[in-house]
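Have a look at target_30.tsv below; it lists TSV, C-alpha atoms.
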chain	number	residue	atom	x	y	z
N	1	MET	CA	0.00	0.00	0.00
N	2	SER	CA	1.23	3.50	-0.77
N	3	ASP	CA	2.33	5.80	2.05
N	4	PRO	CA	0.03	8.65	3.02
N	5	VAL	CA	1.41	12.05	2.08
N	6	THR	CA	0.28	15.39	3.47
N	7	ALA	CA	-0.57	18.27	1.17
N	8	LEU	CA	2.62	20.26	1.83
N	9	GLY	CA	5.04	17.57	3.01
N	10	GLY	CA	5.00	18.79	6.61
N	11	MET	CA	6.01	22.40	5.98
N	12	THR	CA	7.11	24.52	8.92
N	13	ALA	CA	7.64	28.25	9.28
N	14	ASP	CA	9.04	30.30	12.14
N	15	SER	CA	7.43	33.68	12.46
N	16	PHE	CA	6.12	35.38	15.56
N	17	ALA	CA	3.96	32.29	15.72
N	18	ASP	CA	5.33	28.89	14.75
N	19	ILE	CA	3.41	27.22	11.94
N	20	ALA	CA	3.70	23.52	11.23
N	21	GLU	CA	1.69	21.25	9.00
N	22	GLN	CA	0.78	18.15	10.97
N	23	PRO	CA	1.48	14.55	9.89
N	24	PRO	CA	-1.39	12.60	8.27
N	25	ARG	CA	-4.32	12.62	10.65
N	26	GLY	CA	-7.11	10.10	10.89
N	27	MET	CA	-10.50	11.76	10.60
N	28	VAL	CA	-13.87	10.09	10.78
N	29	LEU	CA	-17.05	11.96	10.02
N	30	LEU	CA	-20.07	10.91	12.04
N	31	ARG	CA	-23.48	12.26	11.22
N	32	GLY	CA	-26.64	11.36	13.07
N	33	ASP	CA	-29.00	12.56	15.75
N	34	LEU	CA	-26.49	13.72	18.38
N	35	SER	CA	-29.21	13.99	21.01
N	36	SER	CA	-30.05	10.29	20.76
N	37	ALA	CA	-28.54	7.93	23.34
N	38	PRO	CA	-27.32	5.24	20.88
N	39	VAL	CA	-25.35	7.77	18.80
N	40	GLN	CA	-23.87	9.40	21.90
N	41	ARG	CA	-22.92	6.06	23.39
N	42	ALA	CA	-21.35	4.77	20.16
N	43	ALA	CA	-19.36	7.96	19.56
N	44	ALA	CA	-18.03	8.05	23.11
N	45	GLU	CA	-17.19	4.33	23.11
N	46	VAL	CA	-15.37	4.31	19.79
N	47	ALA	CA	-13.54	7.59	20.39
N	48	GLY	CA	-12.71	6.90	24.03
N	49	VAL	CA	-13.73	10.43	25.04
N	50	THR	CA	-17.06	11.99	25.98
N	51	VAL	CA	-19.28	13.68	23.40
N	52	PRO	CA	-18.45	17.40	23.32
N	53	ALA	CA	-20.88	20.25	23.91
N	54	PRO	CA	-21.67	22.52	20.94
N	55	ASN	CA	-18.63	24.39	19.58
N	56	ARG	CA	-16.28	22.37	21.78
N	57	PHE	CA	-14.00	19.35	21.42
N	58	GLU	CA	-13.10	16.61	23.89
N	59	GLY	CA	-9.66	15.01	24.15
N	60	GLU	CA	-6.50	16.02	22.36
N	61	MET	CA	-5.88	12.72	20.52
N	62	PRO	CA	-8.12	10.88	19.99
N	63	ALA	CA	-10.64	13.67	19.99
N	64	LEU	CA	-14.28	14.31	19.23
N	65	CYS	CA	-15.06	17.70	17.69
N	66	TRP	CA	-18.54	19.23	17.44
N	67	MET	CA	-19.03	20.23	13.81
N	68	ALA	CA	-22.77	20.89	13.56
N	69	PRO	CA	-25.98	19.94	15.39
N	70	ASP	CA	-25.91	16.59	13.56
N	71	GLU	CA	-22.22	16.08	12.93
N	72	LEU	CA	-19.11	15.07	14.89
N	73	LEU	CA	-15.54	14.75	13.68
N	74	LEU	CA	-13.43	12.04	15.27
N	75	LEU	CA	-9.68	12.68	15.17
N	76	CYS	CA	-7.39	9.69	15.61
N	77	ASP	CA	-4.17	8.15	14.31
N	78	TYR	CA	-4.16	7.82	10.54
N	79	ASP	CA	-3.89	4.03	10.67
N	80	GLU	CA	-6.86	3.68	13.02
N	81	ALA	CA	-9.45	5.53	10.93
N	82	ALA	CA	-10.71	2.49	9.03
N	83	ALA	CA	-11.08	0.51	12.25
N	84	LYS	CA	-12.99	3.38	13.86
N	85	VAL	CA	-15.41	3.49	10.94
N	86	ALA	CA	-16.00	-0.24	11.22
N	87	ALA	CA	-16.50	0.05	14.98
N	88	LEU	CA	-19.00	2.88	14.53
N	89	ALA	CA	-20.90	0.96	11.86
N	90	GLU	CA	-21.14	-2.04	14.15
N	91	ALA	CA	-22.15	-0.02	17.21
N	92	LEU	CA	-24.81	1.85	15.24
N	93	GLN	CA	-26.40	-1.07	13.41
N	94	GLY	CA	-30.05	-0.24	12.80
N	95	VAL	CA	-29.57	3.41	13.82
N	96	HIS	CA	-29.80	6.08	11.13
N	97	HIS	CA	-26.30	7.49	10.79
N	98	LEU	CA	-23.33	8.06	8.48
N	99	ALA	CA	-19.75	7.19	9.42
N	100	LEU	CA	-17.08	7.91	6.86
N	101	ASP	CA	-13.28	7.93	6.71
N	102	VAL	CA	-12.37	11.44	5.53
N	103	SER	CA	-8.72	11.35	6.61
N	104	ASP	CA	-7.40	12.49	3.24
N	105	ALA	CA	-9.91	15.32	2.78
N	106	ARG	CA	-8.29	17.86	5.05
N	107	ALA	CA	-5.00	19.44	6.04
N	108	VAL	CA	-4.07	20.25	9.63
N	109	PHE	CA	-1.78	23.06	10.77
N	110	ARG	CA	-0.57	23.79	14.26
N	111	VAL	CA	0.00	27.43	15.16
N	112	THR	CA	1.86	27.93	18.42
N	113	GLY	CA	3.36	30.86	20.27
N	114	LEU	CA	2.40	33.60	22.68
N	115	ASP	CA	0.93	35.62	19.82
N	116	ALA	CA	-0.69	32.72	17.92
N	117	ARG	CA	-4.12	34.05	18.83
N	118	GLU	CA	-3.31	37.35	17.17
N	119	ALA	CA	-2.11	35.76	13.95
N	120	LEU	CA	-5.44	33.92	13.68
N	121	ALA	CA	-7.47	37.00	14.60
N	122	LYS	CA	-6.04	38.75	11.54
N	123	LEU	CA	-7.55	36.11	9.28
N	124	THR	CA	-10.98	35.37	10.67
N	125	PRO	CA	-14.09	37.43	11.48
N	126	ALA	CA	-14.60	35.25	14.57
N	127	ASP	CA	-13.99	36.84	17.96
N	128	MET	CA	-10.63	35.31	18.96
N	129	SER	CA	-10.42	36.89	22.41
N	130	PRO	CA	-9.44	34.52	25.25
N	131	ALA	CA	-12.95	34.90	26.66
N	132	ALA	CA	-14.67	33.94	23.40
N	133	VAL	CA	-12.24	31.16	22.42
N	134	PRO	CA	-11.02	29.50	25.64
N	135	PRO	CA	-9.04	26.24	25.45
N	136	GLY	CA	-11.36	23.43	24.37
N	137	THR	CA	-13.15	25.54	21.79
N	138	PHE	CA	-13.77	24.16	18.31
N	139	ARG	CA	-14.80	27.11	16.15
N	140	ARG	CA	-15.76	26.63	12.53
N	141	THR	CA	-15.39	29.86	10.65
N	142	ARG	CA	-13.79	31.50	7.64
N	143	MET	CA	-10.10	32.32	7.31
N	144	ALA	CA	-9.60	34.90	4.58
N	145	GLN	CA	-11.43	33.27	1.66
N	146	VAL	CA	-11.75	29.65	2.79
N	147	PRO	CA	-13.72	27.81	5.46
N	148	ALA	CA	-11.66	26.46	8.33
N	149	ALA	CA	-12.00	25.15	11.87
N	150	ILE	CA	-9.94	26.45	14.77
N	151	ARG	CA	-9.21	24.03	17.60
N	152	ALA	CA	-7.96	25.82	20.71
N	153	LEU	CA	-5.66	23.34	22.46
N	154	ASP	CA	-4.53	25.93	25.00
N	155	ASP	CA	-3.93	29.67	25.09
N	156	THR	CA	-0.78	29.42	22.97
N	157	ALA	CA	-1.49	26.44	20.71
N	158	PHE	CA	-4.15	26.18	18.02
N	159	GLU	CA	-4.90	23.67	15.31
N	160	ILE	CA	-6.33	24.79	12.00
N	161	LEU	CA	-8.30	22.30	9.92
N	162	CYS	CA	-9.04	23.18	6.32
N	163	PHE	CA	-9.68	21.36	3.08
N	164	ARG	CA	-6.57	19.79	1.60
N	165	SER	CA	-7.13	21.56	-1.72
N	166	VAL	CA	-6.55	24.93	-0.04
N	167	ALA	CA	-3.62	23.84	2.14
N	168	GLN	CA	-1.06	25.92	0.25
N	169	TYR	CA	-3.32	28.95	0.46
N	170	MET	CA	-3.79	28.41	4.19
N	171	ALA	CA	-0.04	28.05	4.75
N	172	ASP	CA	0.63	31.29	2.87
N	173	LEU	CA	-2.07	33.04	4.87
N	174	LEU	CA	-0.68	31.92	8.20
N	175	ILE	CA	2.87	32.84	7.26
N	176	SER	CA	1.92	36.32	6.10
N	177	ALA	CA	-0.28	36.91	9.15
N	178	ALA	CA	2.64	36.05	11.42
N	179	ILE	CA	5.41	38.01	9.71
N	180	PRO	CA	7.83	39.22	12.40
N	181	GLY	CA	7.24	42.88	13.13
N	182	SER	CA	3.50	42.67	12.45
N	183	GLU	CA	2.58	41.76	16.02
N	184	VAL	CA	-0.43	43.70	17.22
N	185	GLY	CA	0.09	43.18	20.95
N	186	TYR	CA	-3.60	43.41	21.76
N	187	TRP	CA	-3.89	40.36	24.00
N	188	GLN	CA	-0.24	39.60	24.70
N	189	THR	CA	1.72	42.11	26.76
Y	1	MET	CA	-21.66	44.89	9.02
Y	2	LEU	CA	-24.43	42.48	9.84
Y	3	ILE	CA	-23.96	40.01	12.70
Y	4	LEU	CA	-26.56	37.26	13.09
Y	5	ARG	CA	-26.72	34.67	15.86
Y	6	CYS	CA	-27.08	31.24	14.28
Y	7	PRO	CA	-29.86	29.48	16.21
Y	8	ASN	CA	-28.36	26.09	15.31
Y	9	CYS	CA	-24.92	26.52	16.88
Y	10	GLY	CA	-25.40	29.70	18.93
Y	11	ILE	CA	-22.48	31.51	17.34
Y	12	ASP	CA	-22.62	35.22	16.57
Y	13	ALA	CA	-21.71	34.94	12.91
Y	14	ASP	CA	-20.35	37.77	10.85
Y	15	GLU	CA	-22.12	38.40	7.55
Y	16	THR	CA	-19.07	37.13	5.65
Y	17	GLU	CA	-19.44	33.74	7.37
Y	18	LEU	CA	-22.97	33.43	6.05
Y	19	ALA	CA	-24.55	32.78	2.68
Y	20	PRO	CA	-27.73	34.73	1.91
Y	21	GLY	CA	-30.77	32.67	0.95
Y	22	GLY	CA	-33.18	35.36	-0.14
Y	23	GLU	CA	-36.66	36.06	1.08
Y	24	ALA	CA	-38.18	33.89	3.79
Y	25	HIS	CA	-41.47	32.04	3.96
Y	26	LEU	CA	-42.08	31.62	0.24
Y	27	ARG	CA	-44.88	29.22	-0.49
Y	28	ARG	CA	-44.77	27.25	-3.71
Y	29	VAL	CA	-47.92	27.25	-5.79
Y	30	GLY	CA	-48.99	24.57	-8.16
Y	31	PRO	CA	-48.88	22.27	-9.90
Y	32	GLU	CA	-52.33	23.34	-11.14
Y	33	ALA	CA	-51.72	27.05	-10.41
Y	34	SER	CA	-52.11	29.74	-13.03
Y	35	ASP	CA	-49.10	31.08	-14.87
Y	36	ASP	CA	-49.47	34.40	-13.07
Y	37	ALA	CA	-49.43	32.76	-9.65
Y	38	PHE	CA	-46.39	30.69	-10.56
Y	39	GLU	CA	-44.59	33.74	-11.91
Y	40	GLY	CA	-45.28	35.45	-8.58
Y	41	TYR	CA	-43.81	32.52	-6.67
Y	42	LEU	CA	-40.72	32.49	-8.86
Y	43	PHE	CA	-39.95	36.16	-9.29
Y	44	HIS	CA	-42.02	38.59	-7.22
Y	45	ARG	CA	-40.17	39.54	-4.05
Y	46	GLU	CA	-40.66	42.01	-1.26
Y	47	ASN	CA	-38.29	44.95	-1.26
Y	48	PRO	CA	-39.24	46.70	1.95
Y	49	ARG	CA	-37.68	49.63	3.70
Y	50	GLY	CA	-37.91	48.40	7.25
Y	51	VAL	CA	-38.92	45.01	8.64
Y	52	HIS	CA	-37.84	42.10	6.48
Y	53	PHE	CA	-37.61	38.33	6.83
Y	54	GLU	CA	-34.76	36.45	5.21
Y	55	ARG	CA	-33.16	33.03	4.98
Y	56	TRP	CA	-29.47	32.66	5.74
Y	57	ARG	CA	-27.07	29.73	5.83
Y	58	HIS	CA	-24.17	29.52	8.26
Y	59	ALA	CA	-21.98	28.47	5.35
Y	60	ALA	CA	-18.52	28.73	6.90
Y	61	GLY	CA	-19.74	27.44	10.25
Y	62	CYS	CA	-22.20	24.68	11.08
Y	63	GLY	CA	-23.61	24.76	7.55
Y	64	LYS	CA	-27.25	24.96	8.64
Y	65	TRP	CA	-30.04	27.20	7.39
Y	66	PHE	CA	-31.96	29.60	9.61
Y	67	HIS	CA	-34.36	32.53	9.40
Y	68	ALA	CA	-33.60	36.12	10.38
Y	69	ALA	CA	-35.86	39.10	11.00
Y	70	ARG	CA	-34.15	42.43	10.55
Y	71	CYS	CA	-34.62	46.02	9.47
Y	72	THR	CA	-33.28	46.82	6.01
Y	73	GLN	CA	-33.00	50.49	6.89
Y	74	THR	CA	-30.99	50.36	10.12
Y	75	LEU	CA	-29.64	46.77	9.95
Y	76	GLU	CA	-31.18	46.22	13.38
Y	77	VAL	CA	-31.66	42.49	13.95
Y	78	PHE	CA	-34.91	41.59	15.69
Y	79	GLY	CA	-34.05	37.92	16.03
Y	80	THR	CA	-33.15	34.67	14.34
Y	81	TYR	CA	-35.15	31.48	14.42
Y	82	SER	CA	-35.36	27.95	13.12
Y	83	ALA	CA	-35.56	27.24	9.40
Y	84	GLN	CA	-38.19	24.55	10.05
Y	85	VAL	CA	-41.15	26.92	10.30
Y	86	THR	CA	-43.47	28.42	7.68
Y	87	ASP	CA	-44.25	31.60	9.62
Y	88	PRO	CA	-42.33	33.80	12.09
Y	89	PRO	CA	-42.82	32.56	15.68
Y	90	GLN	CA	-44.68	34.74	18.15
Y	91	ASP	CA	-41.62	35.81	20.16
Y	92	ILE	CA	-40.02	37.22	17.01
Y	93	ARG	CA	-43.24	39.06	16.11
Y	94	ASP	CA	-43.37	40.49	19.63
Y	95	ALA	CA	-39.75	41.62	19.41
Y	96	ILE	CA	-40.48	43.45	16.16
Y	97	THR	CA	-43.68	45.01	17.53
Y	98	ALA	CA	-41.71	46.34	20.49
Y	99	ARG	CA	-39.36	48.16	18.16
Y	100	ARG	CA	-41.60	48.90	15.15
Y	101	PRO	CA	-45.22	49.23	16.27
Y	102	GLY	CA	-47.68	48.73	13.44
Y	103	TRP	CA	-45.20	46.89	11.20
Y	104	ARG	CA	-46.49	44.84	8.33
Y	105	TRP	CA	-44.75	42.43	5.97
Y	106	ARG	CA	-46.74	40.73	3.21
Y	107	ASP	CA	-49.87	39.63	5.07
Y	108	ILE	CA	-48.05	39.21	8.38
Y	109	GLU	CA	-48.42	41.85	11.09
Please lay out the structure from this file as structure tokens.
Amino acid sequence: MSDPVTALGGMTADSFADIAEQPPRGMVLLRGDLSSAPVQRAAAEVAGVTVPAPNRFEGEMPALCWMAPDELLLLCDYDEAAAKVAALAEALQGVHHLALDVSDARAVFRVTGLDAREALAKLTPADMSPAAVPPGTFRRTRMAQVPAAIRALDDTAFEILCFRSVAQYMADLLISAAIPGSEVGYWQT
Amino acid sequence: MLILRCPNCGIDADETELAPGGEAHLRRVGPEASDDAFEGYLFHRENPRGVHFERWRHAAGCGKWFHAARCTQTLEVFGTYSAQVTDPPQDIRDAITARRPGWRWRDIE
């Protein structure tokens, strides 16, 4: 079997925030009625973490991210995605749902540094203040011209999920937003 | 800039995160309707100065549709509500009445 390759070969950039494309990431899409007990139980069992509240995620890796009122995204090791799909399908037999391996659909970047929040705030209309995006937040929004999701791991580390087809665009955005000398200094003293 | 609270995910979404869906609460006529009635359903839209009802989609967010009631003149937002209704709910009507007494939109008042 061929080796998985990320969109940009694991690019990194050092600016006032450090930007690094992450290695191939397992992603499983789960759609269904999130308020129903069988779907909640299956998601929590297969992921190994509790089902997150709206606009939140649970667990760093593996993780469950709240995408929409009827959609969760399970993050796991790349090799485990197929097994997770099979486990979900078995746990949800007879329950209306969709579980799909979408590992190759998206690119993941990690933006770290004391001013990482500011670099992201330049790109998105979302309120990126520490009060609006505390650690544990999973915020789907727009970054410049493309949709993206921001996963706040802690106050200085964020993960950006975007479609693989716009990975180069996203990398260029992040690099230009974090050019040394362009710090705003609004949240970080 | 217009900021609408998506009732599906609770996020205060900037206009640029949303996709406009045109006028709300259209009712399809037909199939036995007259050509005039069908033309009205297809093309004739309200263009009010003041209270207006619209459909929006949280395109860059949760991806779900919702309804919004707002003022086209001041961009004041009276409220947002579920897409799964055919008429504005009473609490939205009350919120509009509080701000725009005597408002009327199509045959809703």
> Taking all atoms listed in the file into account, what are the residues of chain N at most 6 Å from chain Y, put as a PyMOL selection string?
Replying inline: chain N and resi 68+140-142+147
>> Would you compute the distance between CA of Pro88 in chain Y and CA of Phe43 in chain Y? Give it in Å to one decimal.
In response: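 Value for the CA of Pro88 in chain Y-CA of Phe43 in chain Y distance: 21.6 Å.
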Shell of 8 Å around Phe78 in chain Y, all atoms listed in the file, local chain residues under 3 positions omitted, as a PDB file with C-alpha atoms, in the frame of the given file:
ATOM      1  CA  ALA Y  68     -33.600  36.120  10.380  1.00  0.00           C
ATOM      2  CA  ALA Y  69     -35.860  39.100  11.000  1.00  0.00           C
ATOM      3  CA  ARG Y  70     -34.150  42.430  10.550  1.00  0.00           C
ATOM      4  CA  CYS Y  71     -34.620  46.020   9.470  1.00  0.00           C
ATOM      5  CA  ILE Y  92     -40.020  37.220  17.010  1.00  0.00           C
ATOM      6  CA  ALA Y  95     -39.750  41.620  19.410  1.00  0.00           C
ATOM      7  CA  ILE Y  96     -40.480  43.450  16.160  1.00  0.00           C
TER       8      ILE Y  96
END
>> Just the number, please: distance in Å from CA of Gly185 in chain N to CA of Gln145 in chain N, one decimal.
In response: 24.6 Å
>> I'd like the contact shell of range 35-37 of chain N - 9 Å cut-off, only C-alpha atoms, skipping same-chain residues fewer than 5 positions apart - returned as a list in words.
In response: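 The residues satisfying every condition are Ala42, Pro69 and Asp70 of chain N.
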> Could you name the residues that touch range 156-162 of chain N at 8 Å or less, counting only C-alpha atoms, but leaving out those on the same chain fewer than 2 positions away, as number ranges by chain?
Replying inline: N: 106-117, 146-154, 164, 166-167, 170
> Expressed in Å to a single decimal, how great is the separation between CA of Gly21 in chain Y and CA of Arg45 in chain Y?
Replying inline: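 CA of Gly21 in chain Y sits 12.7 Å away from CA of Arg45 in chain Y.
Neighbours of range 78-95 of chain N closer than or equal to 9 Å, with all atoms listed in the file counted and sequence neighbours fewer than 5 positions away skipped, come out as Pro4, Pro23, Pro24, Arg25, Gly26, Met27, Val28, Leu29, Leu30, Gly32, Pro38, Val39, Arg41, Ala42, Ala43, Glu45, Val46, Ala47, Leu100, Asp101, Val102 and Ser103 of chain N.
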As JSON, what would the box around range 100-105 of chain Y look like: edges along x, y and z, 3 Å added on every side, centre and edge lengths in Å to one decimal?
{"center_x": -44.6, "center_y": 45.8, "center_z": 11.1, "size_x": 12.1, "size_y": 12.8, "size_z": 16.3}
> Nearest to Gln168 in chain N: which of N:Ala119, N:Met11, N:Met128, N:Val5 is it, counting all atoms listed in the file?
Replying inline: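 Looking only at the distances to Gln168 in chain N, the closest residue turns out to be N:Met11.
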>> Need to verify the contact set: His52 in chain Y, 12 Å, all atoms listed in the file, exclusion of same-chain residues closer than 2 positions in sequence. Can you return it as a ChimeraX atom specification?
In response: /Y:22-25,45-50,54-55,67-80,88,92-93,96,100,103-106,108-109
